[in-house]
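Asks: Sharing entry.txt below, compact mmCIF, C-alpha atoms and all ligand atoms:
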# COMPACT_ATOMS: atom_id res chain seq x y z
CA MET A 1 20.55 76.37 140.49
CA ILE A 2 22.18 74.23 143.17
CA GLU A 3 20.46 74.46 146.57
CA LEU A 4 22.97 74.79 149.39
CA PRO A 5 22.10 74.20 153.03
CA PRO A 6 22.14 77.38 155.19
CA SER A 7 25.36 76.26 156.89
CA ASP A 8 27.13 76.71 153.53
CA ALA A 9 26.19 80.38 153.25
CA VAL A 10 29.19 82.71 153.46
CA SER A 11 29.39 86.40 154.26
CA VAL A 12 31.98 87.87 151.93
CA THR A 13 32.09 91.02 149.80
CA ALA A 14 33.55 90.27 146.39
CA VAL A 15 34.58 92.13 143.24
CA VAL A 16 34.45 90.08 140.02
CA SER A 17 36.29 91.49 137.02
CA SER A 18 37.96 90.65 133.79
CA VAL A 19 41.14 92.24 132.47
CA ALA A 20 41.55 95.11 130.03
CA SER A 21 41.87 93.01 126.87
CA ASP A 22 39.15 90.44 127.58
CA SER A 23 35.60 90.97 126.34
CA HIS A 24 34.21 87.53 127.30
CA MET A 25 31.39 87.96 129.79
CA TRP A 26 29.58 84.66 130.50
CA ASN A 27 32.51 83.53 132.66
CA LEU A 28 31.86 86.64 134.78
CA VAL A 29 28.13 85.97 134.97
CA PHE A 30 28.84 82.37 136.00
CA LEU A 31 31.19 83.50 138.79
CA GLN A 32 28.79 86.18 140.02
CA LEU A 33 25.98 83.61 140.28
CA LEU A 34 28.26 81.09 142.00
CA LEU A 35 29.41 83.65 144.55
CA GLU A 36 25.89 84.95 145.16
CA GLU A 37 24.64 81.39 145.58
CA LEU A 38 27.18 81.06 148.38
CA GLY A 39 25.90 84.28 149.99
CA CYS A 40 28.55 86.75 148.78
CA ALA A 41 27.71 90.38 147.97
CA VAL A 42 29.14 90.77 144.46
CA THR A 43 30.12 93.78 142.37
CA ASN A 44 30.70 92.61 138.79
CA LEU A 45 32.84 95.12 136.87
CA GLY A 46 32.35 93.25 133.57
CA GLY A 47 34.70 92.73 130.64
CA CYS A 48 37.48 94.95 129.23
CA VAL A 49 38.11 96.66 132.56
CA PRO A 50 41.03 99.11 132.36
CA ASP A 51 43.62 98.67 135.12
CA ASP A 52 42.95 102.12 136.60
CA LEU A 53 39.21 101.44 136.86
CA LEU A 54 39.82 98.06 138.49
CA VAL A 55 42.18 99.57 141.05
CA ASP A 56 39.88 102.54 141.77
CA GLU A 57 36.80 100.33 142.23
CA CYS A 58 38.64 97.88 144.46
CA ARG A 59 40.02 100.71 146.61
CA SER A 60 36.56 102.22 146.92
CA ILE A 61 34.77 98.95 147.76
CA ALA A 62 37.63 97.41 149.80
CA PRO A 63 36.16 93.90 149.33
CA ASN A 64 37.17 90.76 151.19
CA LEU A 65 37.78 89.07 147.86
CA VAL A 66 38.76 90.03 144.29
CA VAL A 67 38.15 87.41 141.58
CA ILE A 68 39.80 88.11 138.24
CA SER A 69 38.37 85.89 135.49
CA THR A 70 39.80 85.80 131.99
CA VAL A 71 39.53 83.32 129.14
CA ASN A 72 41.02 84.98 126.04
CA GLY A 73 44.56 83.74 126.78
CA HIS A 74 46.11 87.00 128.00
CA GLY A 75 45.25 86.53 131.67
CA TYR A 76 48.71 85.42 132.62
CA THR A 77 50.40 88.50 131.16
CA GLU A 78 47.78 90.91 132.43
CA GLY A 79 47.60 89.25 135.84
CA LEU A 80 51.33 89.84 136.32
CA ARG A 81 50.71 93.53 135.65
CA ILE A 82 47.57 93.89 137.78
CA ALA A 83 48.51 92.02 140.97
CA PRO A 84 51.32 94.36 142.10
CA ARG A 85 49.07 97.38 141.55
CA LEU A 86 46.29 95.92 143.70
CA ARG A 87 48.78 94.70 146.30
CA SER A 88 50.30 98.17 146.65
CA CYS A 89 46.96 99.69 147.80
CA PRO A 90 46.75 100.08 151.61
CA GLU A 91 42.93 99.72 151.39
CA LEU A 92 43.40 96.20 150.02
CA ALA A 93 45.88 94.98 152.63
CA GLY A 94 43.36 92.43 153.92
CA THR A 95 41.81 91.55 150.56
CA VAL A 96 42.24 88.08 149.10
CA LEU A 97 43.25 88.25 145.42
CA THR A 98 42.40 85.39 143.08
CA ILE A 99 42.63 84.82 139.35
CA GLY A 100 41.30 82.04 137.18
CA GLY A 101 40.06 80.87 133.82
CA LYS A 102 41.95 80.08 130.62
CA LEU A 103 45.02 82.07 131.56
CA ASP A 104 47.16 81.33 128.52
CA THR A 105 46.77 79.97 125.02
CA ASP A 106 48.61 76.64 125.28
CA GLY A 107 48.77 75.53 128.92
CA THR A 108 52.24 74.08 128.48
CA HIS A 109 53.80 76.29 131.18
CA ALA A 110 50.82 76.16 133.51
CA SER A 111 52.58 75.35 136.82
CA GLU A 112 55.46 77.76 136.19
CA ARG A 113 53.00 80.53 135.32
CA ARG A 114 50.85 79.77 138.35
CA ASN A 115 53.92 80.25 140.58
CA LEU A 116 54.77 83.55 138.90
CA LEU A 117 51.20 84.81 139.40
CA LEU A 118 51.41 83.83 143.08
CA ALA A 119 54.77 85.62 143.36
CA ALA A 120 53.23 88.71 141.72
CA GLY A 121 50.67 88.96 144.52
CA PHE A 122 47.73 86.62 143.93
CA ASP A 123 46.72 84.44 146.88
CA ALA A 124 45.31 81.71 144.64
CA VAL A 125 45.28 80.77 140.94
CA PHE A 126 42.56 78.52 139.48
CA ASP A 127 42.43 76.70 136.17
CA ASP A 128 39.15 76.93 134.31
CA GLY A 129 38.13 73.48 135.56
CA ASP A 130 38.91 74.24 139.21
CA VAL A 131 35.40 75.27 140.26
CA THR A 132 35.20 72.65 143.05
CA ALA A 133 38.54 73.83 144.46
CA PHE A 134 37.32 77.42 144.18
CA ARG A 135 34.17 76.62 146.18
CA ALA A 136 36.29 74.96 148.89
CA PHE A 137 38.57 78.00 148.90
CA LEU A 138 35.54 80.30 149.37
CA ARG A 139 34.28 78.29 152.31
CA ARG A 140 37.70 78.53 154.00
CA LEU A 141 37.74 82.27 153.30
CA ALA A 142 34.26 82.70 154.79
CA THR A 143 35.41 81.06 158.01
CA ARG A 144 38.29 83.55 158.21
CA VAL A 145 36.06 86.57 157.47
CA VAL A 146 33.42 85.61 160.05
CA SER A 147 35.84 84.70 162.86
C1 LIG B 1 31.48 83.29 123.17
C2 LIG B 1 32.97 83.37 122.87
C3 LIG B 1 33.47 84.58 122.37
C4 LIG B 1 32.61 85.83 122.19
C5 LIG B 1 32.45 86.50 123.58
C6 LIG B 1 31.12 87.26 123.69
C7 LIG B 1 30.94 87.81 125.08
N1 LIG B 1 30.74 89.10 125.17
O1 LIG B 1 31.04 87.10 126.06
C8 LIG B 1 33.46 86.65 121.18
C9 LIG B 1 33.04 86.33 119.76
C10 LIG B 1 33.47 88.17 121.38
C11 LIG B 1 34.86 86.05 121.42
C12 LIG B 1 36.04 86.70 121.05
C13 LIG B 1 37.30 86.12 121.21
N2 LIG B 1 37.57 84.88 121.61
CO1 LIG B 1 36.25 83.69 122.40
N3 LIG B 1 35.10 82.29 122.86
C14 LIG B 1 33.83 82.25 123.07
C15 LIG B 1 33.41 80.80 123.43
C16 LIG B 1 32.76 80.18 122.17
C17 LIG B 1 32.45 80.64 124.59
C18 LIG B 1 32.86 81.40 125.86
C19 LIG B 1 31.71 81.35 126.86
O2 LIG B 1 30.89 82.26 126.92
N4 LIG B 1 31.68 80.27 127.68
C20 LIG B 1 30.70 80.11 128.73
C21 LIG B 1 31.36 80.42 130.10
C22 LIG B 1 30.32 80.20 131.22
O3 LIG B 1 32.40 79.45 130.26
P1 LIG B 1 33.95 79.83 130.27
O4 LIG B 1 34.16 81.13 129.54
O5 LIG B 1 34.75 78.67 129.81
O6 LIG B 1 34.22 80.05 131.81
C23 LIG B 1 34.28 78.89 132.62
C24 LIG B 1 35.68 78.49 133.00
O7 LIG B 1 36.65 79.11 132.18
C25 LIG B 1 35.81 78.82 134.44
N5 LIG B 1 36.41 80.09 134.83
C26 LIG B 1 36.52 81.24 134.14
N6 LIG B 1 37.06 82.16 134.92
C27 LIG B 1 37.30 81.61 136.13
C28 LIG B 1 37.83 82.15 137.30
C29 LIG B 1 37.93 81.33 138.42
C30 LIG B 1 38.47 81.90 139.70
C31 LIG B 1 37.52 79.97 138.35
C32 LIG B 1 37.62 79.08 139.55
C33 LIG B 1 37.00 79.44 137.18
C34 LIG B 1 36.90 80.28 136.08
O8 LIG B 1 34.51 78.84 134.96
C35 LIG B 1 33.56 79.17 133.92
C36 LIG B 1 32.36 78.25 134.08
O9 LIG B 1 32.74 76.91 133.97
C37 LIG B 1 34.81 80.15 123.77
C38 LIG B 1 34.95 78.68 123.39
C39 LIG B 1 34.25 77.78 124.35
N7 LIG B 1 33.44 76.91 123.85
O10 LIG B 1 34.47 77.90 125.58
C40 LIG B 1 35.78 81.02 122.98
C41 LIG B 1 37.18 81.24 123.52
C42 LIG B 1 37.13 81.57 124.99
N8 LIG B 1 37.60 82.42 122.77
C43 LIG B 1 38.86 82.39 122.43
C44 LIG B 1 39.52 83.39 121.69
C45 LIG B 1 40.96 83.09 121.28
C46 LIG B 1 38.90 84.59 121.34
C47 LIG B 1 39.49 85.73 120.53
C48 LIG B 1 40.95 86.09 120.86
C49 LIG B 1 39.31 85.35 119.06
C50 LIG B 1 39.92 86.35 118.08
N9 LIG B 1 41.00 85.91 117.45
O11 LIG B 1 39.41 87.42 117.94
C51 LIG B 1 38.53 86.89 120.85
C52 LIG B 1 39.01 87.70 122.07
C53 LIG B 1 38.13 88.90 122.33
C54 LIG B 1 38.61 89.64 123.54
N10 LIG B 1 38.94 90.92 123.36
O12 LIG B 1 38.68 89.08 124.62
C55 LIG B 1 39.53 81.10 122.88
C56 LIG B 1 40.49 81.28 124.06
C57 LIG B 1 41.69 80.35 123.87
C58 LIG B 1 42.58 80.21 125.06
N11 LIG B 1 42.54 81.02 126.10
O13 LIG B 1 43.39 79.31 125.03
C59 LIG B 1 38.29 80.17 123.16
C60 LIG B 1 38.49 79.12 124.25
C61 LIG B 1 37.95 79.48 121.80
C62 LIG B 1 39.04 78.51 121.39
N12 LIG B 1 38.87 77.24 121.67
O14 LIG B 1 40.04 78.88 120.84
N13 LIG B 1 34.78 84.83 122.01
Let's see the structure in the file written out as structure tokens.
Replies:
Amino acid sequence: MIELPPSDAVSVTAVVSSVASDSHMWNLVFLQLLLEELGCAVTNLGGCVPDDLLVDECRSIAPNLVVISTVNGHGYTEGLRIAPRLRSCPELAGTVLTIGGKLDTDGTHASERRNLLLAAGFDAVFDDGDVTAFRAFLRRLATRVVS
């Protein structure tokens, strides 16, 4: 466990979830621990989360942040389907939507796909190696939430 100084602690409510097709779970555990280490209150919905359940839970919790994590290669396709549904919820108007992991199976169209996910409604898209960028993103988000 990495010890962070108190000044790094953030105050953010977060939902961590996978997508309907994806049963991998250690990526979700990793993200939950990372977010909690930074001081976030996390609800982890787990793997194979149906779209309706994801939308209902997010509407009910109305978190500051949603983190979709998927590694089975279908994240790109499912992210394009999920983002507009989350974006259309009035309760989530102020929620930051992120997605990351191994979002496709070959990576050859990575930048094009990233742009399409952003256009679909995500605020940020992270490759599976982008954990440092994700931490920096969280710290910027925490500043916005607190102020
Ligand atoms: C364990 C495992 C399984 C287990 C999962 C058990 C479980 N309940 O978790 C089982 C056997 C079920 C499985 C099944 C499948 N798997 Co699998 N699996 C793995 C394996 C070996 C390890 C995954 C793991 O737990 N890693 C540990 C966690 C901590 O690391 P991680 O998943 O990489 O997550 C990190 C990053 O991706 C990143 N990250 C993830 N999400 C996010 C989000 C954000 C915002 C950020 C910043 C970072 C981030 O941060 C995490 C920590 O560094 C990997 C190969 C590997 N060595 O990685 C394949 C792998 C993920 N599986 C793969 C595949 C293809 C499948 C199957 C489709 C195989 C099949 N034909 O059936 C199925 C899909 C099942 C499904 N419905 O989803 C592929 C995915 C390929 C791709 N996307 O290009 C991999 C990479 C293997 C490979 N090299 O081909 N799998």
Asks: Excluding stretch 129-144 of chain A and its own-chain neighbours fewer than 3 positions away, which residues fall within 10 Å of it when counting all atoms listed in the file? Please give them as JSON, numbers by chain.
Replies: {"A": [8, 9, 10, 11, 12, 13, 31, 34, 35, 38, 39, 40, 64, 65, 96, 98, 100, 101, 102, 124, 125, 126, 147]}
Asks: Name all residues at most 12 Å from A:Ile68 (count only C-alpha atoms; drop same-chain ones fewer than 4 positions away) and give them as a ChimeraX atom specification.
Replies: /A:14-20,22,25,27-28,31-32,43-49,51,54,58,75-76,78-80,82-83,86,96-103,117,122-128
Asks: Of the candidates A:Leu33, A:Gly73, A:Leu53, A:Pro63, which shows the shortest atom-to-atom distance to ligand LIG 1 (chain B), using all atoms listed in the file?
Replies: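 For ligand LIG 1 (chain B), the nearest of the given residues is A:Gly73.
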Asks: Just how far from atom CA of A:Cys89 is atom N1 of ligand LIG 1 (chain B), in Å to one decimal?
Replies: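 Computed distance, atom N1 of ligand LIG 1 (chain B) to atom CA of A:Cys89, equals 29.8 Å.
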Asks: How many Å lie between atom C36 of ligand LIG 1 (chain B) and atom CA of A:Val29, rounded to one decimal?
Replies: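 One can read the atom C36 of ligand LIG 1 (chain B) to atom CA of A:Val29 distance as 8.8 Å.
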Asks: Please measure the separation of atom N4 of ligand LIG 1 (chain B) and atom CA of A:Val67, giving the value in Å to one decimal.
Replies: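 Atom-to-atom, atom N4 of ligand LIG 1 (chain B) to atom CA of A:Val67, that is 16.9 Å.
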Asks: Which residue gives the smallest distance to ligand LIG 1 (chain B) among A:Thr77, A:Ser111, A:Ser23, A:Ser88, with only C-alpha atoms and all ligand atoms counted?
Replies: A:Ser23
Asks: Which of these, A:Pro50, A:Pro84, A:Pro90, A:Gly107, has the shortest distance to ligand LIG 1 (chain B) once you count only C-alpha atoms and all ligand atoms?
Replies: A:Gly107
Asks: Name the closest residue to ligand LIG 1 (chain B) among the candidates A:Thr108, A:Thr95, A:Ser21, A:Ser60; distances are taken between atoms, counting only C-alpha atoms and all ligand atoms.
Replies: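 When distances to ligand LIG 1 (chain B) are compared using only C-alpha atoms and all ligand atoms, the smallest one comes from A:Ser21.
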Asks: Given the choices A:Ala120, A:Arg81, A:His24, A:Glu91, which gets closest to A:Ser69 if the distance is worked out from all atoms listed in the file?
Replies: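 The shortest atom-to-atom distance to A:Ser69 comes from A:His24.
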Asks: Using only C-alpha atoms and all ligand atoms, which residue out of A:Arg87, A:Glu36, A:Asp106, A:Glu57 lies closest to ligand LIG 1 (chain B)?
Replies: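 Between A:Arg87, A:Glu36, A:Asp106, A:Glu57, the residue approaching ligand LIG 1 (chain B) most closely is A:Asp106.
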Asks: Put a box with edges along x, y and z around all the listed atoms of stretch 71-89 of chain A, pad it by 4 Å on each side, then give me its centre and sizes in Å, one decimal, as AutoDock Vina command-line options.
Replies:
--center_x 45.4 --center_y 91.5 --center_z 136.9 --size_x 19.8 --size_y 24.4 --size_z 29.8
Asks: Show me that you can extract stretch 32-47 of chain A, keeping all heavy atoms, and write it as a PDB file, in the first residue's frame.
Replies:
ATOM      1  N   GLN A  32     -10.859   0.064  -6.936  1.00  0.00           N
ATOM      2  CA  GLN A  32     -11.493   0.407  -5.656  1.00  0.00           C
ATOM      3  C   GLN A  32     -10.439   0.776  -4.619  1.00  0.00           C
ATOM      4  O   GLN A  32     -10.547   1.790  -3.919  1.00  0.00           O
ATOM      5  CB  GLN A  32     -12.358  -0.761  -5.147  1.00  0.00           C
ATOM      6  CG  GLN A  32     -12.950  -0.456  -3.774  1.00  0.00           C
ATOM      7  CD  GLN A  32     -13.904  -1.519  -3.283  1.00  0.00           C
ATOM      8  OE1 GLN A  32     -14.292  -2.425  -4.015  1.00  0.00           O
ATOM      9  NE2 GLN A  32     -14.294  -1.407  -2.023  1.00  0.00           N
ATOM     10  N   LEU A  33      -9.393  -0.054  -4.516  1.00  0.00           N
ATOM     11  CA  LEU A  33      -8.335   0.216  -3.534  1.00  0.00           C
ATOM     12  C   LEU A  33      -7.618   1.526  -3.843  1.00  0.00           C
ATOM     13  O   LEU A  33      -7.319   2.319  -2.941  1.00  0.00           O
ATOM     14  CB  LEU A  33      -7.346  -0.948  -3.491  1.00  0.00           C
ATOM     15  CG  LEU A  33      -7.899  -2.265  -2.920  1.00  0.00           C
ATOM     16  CD1 LEU A  33      -6.876  -3.378  -3.091  1.00  0.00           C
ATOM     17  CD2 LEU A  33      -8.283  -2.103  -1.458  1.00  0.00           C
ATOM     18  N   LEU A  34      -7.345   1.768  -5.125  1.00  0.00           N
ATOM     19  CA  LEU A  34      -6.676   3.016  -5.516  1.00  0.00           C
ATOM     20  C   LEU A  34      -7.520   4.226  -5.124  1.00  0.00           C
ATOM     21  O   LEU A  34      -7.018   5.195  -4.522  1.00  0.00           O
ATOM     22  CB  LEU A  34      -6.431   3.011  -7.036  1.00  0.00           C
ATOM     23  CG  LEU A  34      -5.882   4.304  -7.630  1.00  0.00           C
ATOM     24  CD1 LEU A  34      -4.479   4.587  -7.130  1.00  0.00           C
ATOM     25  CD2 LEU A  34      -5.876   4.226  -9.155  1.00  0.00           C
ATOM     26  N   LEU A  35      -8.803   4.160  -5.435  1.00  0.00           N
ATOM     27  CA  LEU A  35      -9.690   5.285  -5.128  1.00  0.00           C
ATOM     28  C   LEU A  35      -9.830   5.473  -3.620  1.00  0.00           C
ATOM     29  O   LEU A  35      -9.805   6.610  -3.122  1.00  0.00           O
ATOM     30  CB  LEU A  35     -11.067   5.060  -5.769  1.00  0.00           C
ATOM     31  CG  LEU A  35     -11.108   5.214  -7.292  1.00  0.00           C
ATOM     32  CD1 LEU A  35     -12.318   4.504  -7.884  1.00  0.00           C
ATOM     33  CD2 LEU A  35     -11.133   6.684  -7.674  1.00  0.00           C
ATOM     34  N   GLU A  36      -9.961   4.369  -2.887  1.00  0.00           N
ATOM     35  CA  GLU A  36     -10.091   4.471  -1.430  1.00  0.00           C
ATOM     36  C   GLU A  36      -8.807   5.014  -0.808  1.00  0.00           C
ATOM     37  O   GLU A  36      -8.851   5.788   0.155  1.00  0.00           O
ATOM     38  CB  GLU A  36     -10.475   3.113  -0.832  1.00  0.00           C
ATOM     39  CG  GLU A  36     -11.915   2.742  -1.155  1.00  0.00           C
ATOM     40  CD  GLU A  36     -12.336   1.377  -0.642  1.00  0.00           C
ATOM     41  OE1 GLU A  36     -11.465   0.557  -0.265  1.00  0.00           O
ATOM     42  OE2 GLU A  36     -13.543   1.110  -0.632  1.00  0.00           O
ATOM     43  N   GLU A  37      -7.688   4.611  -1.366  1.00  0.00           N
ATOM     44  CA  GLU A  37      -6.397   5.117  -0.878  1.00  0.00           C
ATOM     45  C   GLU A  37      -6.329   6.637  -1.012  1.00  0.00           C
ATOM     46  O   GLU A  37      -5.704   7.323  -0.206  1.00  0.00           O
ATOM     47  CB  GLU A  37      -5.304   4.462  -1.712  1.00  0.00           C
ATOM     48  CG  GLU A  37      -3.917   4.562  -1.183  1.00  0.00           C
ATOM     49  CD  GLU A  37      -2.985   3.760  -2.083  1.00  0.00           C
ATOM     50  OE1 GLU A  37      -2.864   2.547  -1.866  1.00  0.00           O
ATOM     51  OE2 GLU A  37      -2.393   4.343  -2.998  1.00  0.00           O
ATOM     52  N   LEU A  38      -6.995   7.149  -2.045  1.00  0.00           N
ATOM     53  CA  LEU A  38      -7.015   8.600  -2.259  1.00  0.00           C
ATOM     54  C   LEU A  38      -8.147   9.278  -1.480  1.00  0.00           C
ATOM     55  O   LEU A  38      -8.358  10.482  -1.627  1.00  0.00           O
ATOM     56  CB  LEU A  38      -7.145   8.908  -3.753  1.00  0.00           C
ATOM     57  CG  LEU A  38      -5.911   8.556  -4.589  1.00  0.00           C
ATOM     58  CD1 LEU A  38      -6.216   8.672  -6.070  1.00  0.00           C
ATOM     59  CD2 LEU A  38      -4.735   9.453  -4.223  1.00  0.00           C
ATOM     60  N   GLY A  39      -8.916   8.496  -0.717  1.00  0.00           N
ATOM     61  CA  GLY A  39      -9.945   9.084   0.140  1.00  0.00           C
ATOM     62  C   GLY A  39     -11.342   9.054  -0.438  1.00  0.00           C
ATOM     63  O   GLY A  39     -12.268   9.619   0.144  1.00  0.00           O
ATOM     64  N   CYS A  40     -11.547   8.410  -1.575  1.00  0.00           N
ATOM     65  CA  CYS A  40     -12.877   8.361  -2.192  1.00  0.00           C
ATOM     66  C   CYS A  40     -13.774   7.356  -1.462  1.00  0.00           C
ATOM     67  O   CYS A  40     -13.289   6.351  -0.968  1.00  0.00           O
ATOM     68  CB  CYS A  40     -12.796   7.937  -3.652  1.00  0.00           C
ATOM     69  SG  CYS A  40     -11.808   9.005  -4.694  1.00  0.00           S
ATOM     70  N   ALA A  41     -15.074   7.639  -1.440  1.00  0.00           N
ATOM     71  CA  ALA A  41     -16.063   6.669  -0.973  1.00  0.00           C
ATOM     72  C   ALA A  41     -16.535   5.899  -2.199  1.00  0.00           C
ATOM     73  O   ALA A  41     -17.121   6.477  -3.115  1.00  0.00           O
ATOM     74  CB  ALA A  41     -17.227   7.384  -0.309  1.00  0.00           C
ATOM     75  N   VAL A  42     -16.272   4.583  -2.213  1.00  0.00           N
ATOM     76  CA  VAL A  42     -16.455   3.799  -3.444  1.00  0.00           C
ATOM     77  C   VAL A  42     -17.590   2.789  -3.299  1.00  0.00           C
ATOM     78  O   VAL A  42     -17.662   2.058  -2.310  1.00  0.00           O
ATOM     79  CB  VAL A  42     -15.160   3.030  -3.790  1.00  0.00           C
ATOM     80  CG1 VAL A  42     -15.354   2.196  -5.057  1.00  0.00           C
ATOM     81  CG2 VAL A  42     -13.997   3.992  -3.968  1.00  0.00           C
ATOM     82  N   THR A  43     -18.450   2.729  -4.310  1.00  0.00           N
ATOM     83  CA  THR A  43     -19.383   1.617  -4.466  1.00  0.00           C
ATOM     84  C   THR A  43     -18.916   0.822  -5.670  1.00  0.00           C
ATOM     85  O   THR A  43     -18.856   1.357  -6.787  1.00  0.00           O
ATOM     86  CB  THR A  43     -20.827   2.118  -4.724  1.00  0.00           C
ATOM     87  OG1 THR A  43     -21.225   2.944  -3.631  1.00  0.00           O
ATOM     88  CG2 THR A  43     -21.789   0.951  -4.866  1.00  0.00           C
ATOM     89  N   ASN A  44     -18.554  -0.447  -5.434  1.00  0.00           N
ATOM     90  CA  ASN A  44     -18.044  -1.304  -6.508  1.00  0.00           C
ATOM     91  C   ASN A  44     -19.172  -2.238  -6.937  1.00  0.00           C
ATOM     92  O   ASN A  44     -19.574  -3.125  -6.181  1.00  0.00           O
ATOM     93  CB  ASN A  44     -16.831  -2.092  -5.992  1.00  0.00           C
ATOM     94  CG  ASN A  44     -16.169  -2.919  -7.071  1.00  0.00           C
ATOM     95  OD1 ASN A  44     -16.743  -3.157  -8.134  1.00  0.00           O
ATOM     96  ND2 ASN A  44     -14.957  -3.360  -6.804  1.00  0.00           N
ATOM     97  N   LEU A  45     -19.683  -2.056  -8.160  1.00  0.00           N
ATOM     98  CA  LEU A  45     -20.812  -2.866  -8.632  1.00  0.00           C
ATOM     99  C   LEU A  45     -20.378  -4.232  -9.142  1.00  0.00           C
ATOM    100  O   LEU A  45     -21.220  -5.086  -9.409  1.00  0.00           O
ATOM    101  CB  LEU A  45     -21.579  -2.115  -9.735  1.00  0.00           C
ATOM    102  CG  LEU A  45     -22.162  -0.754  -9.346  1.00  0.00           C
ATOM    103  CD1 LEU A  45     -22.913  -0.155 -10.531  1.00  0.00           C
ATOM    104  CD2 LEU A  45     -23.095  -0.881  -8.140  1.00  0.00           C
ATOM    105  N   GLY A  46     -19.055  -4.425  -9.351  1.00  0.00           N
ATOM    106  CA  GLY A  46     -18.551  -5.732  -9.750  1.00  0.00           C
ATOM    107  C   GLY A  46     -18.565  -5.952 -11.252  1.00  0.00           C
ATOM    108  O   GLY A  46     -18.676  -5.016 -12.032  1.00  0.00           O
ATOM    109  N   GLY A  47     -18.420  -7.251 -11.628  1.00  0.00           N
ATOM    110  CA  GLY A  47     -18.359  -7.607 -13.042  1.00  0.00           C
ATOM    111  C   GLY A  47     -19.732  -7.954 -13.594  1.00  0.00           C
ATOM    112  O   GLY A  47     -20.692  -8.147 -12.843  1.00  0.00           O
TER     113      GLY A  47
END
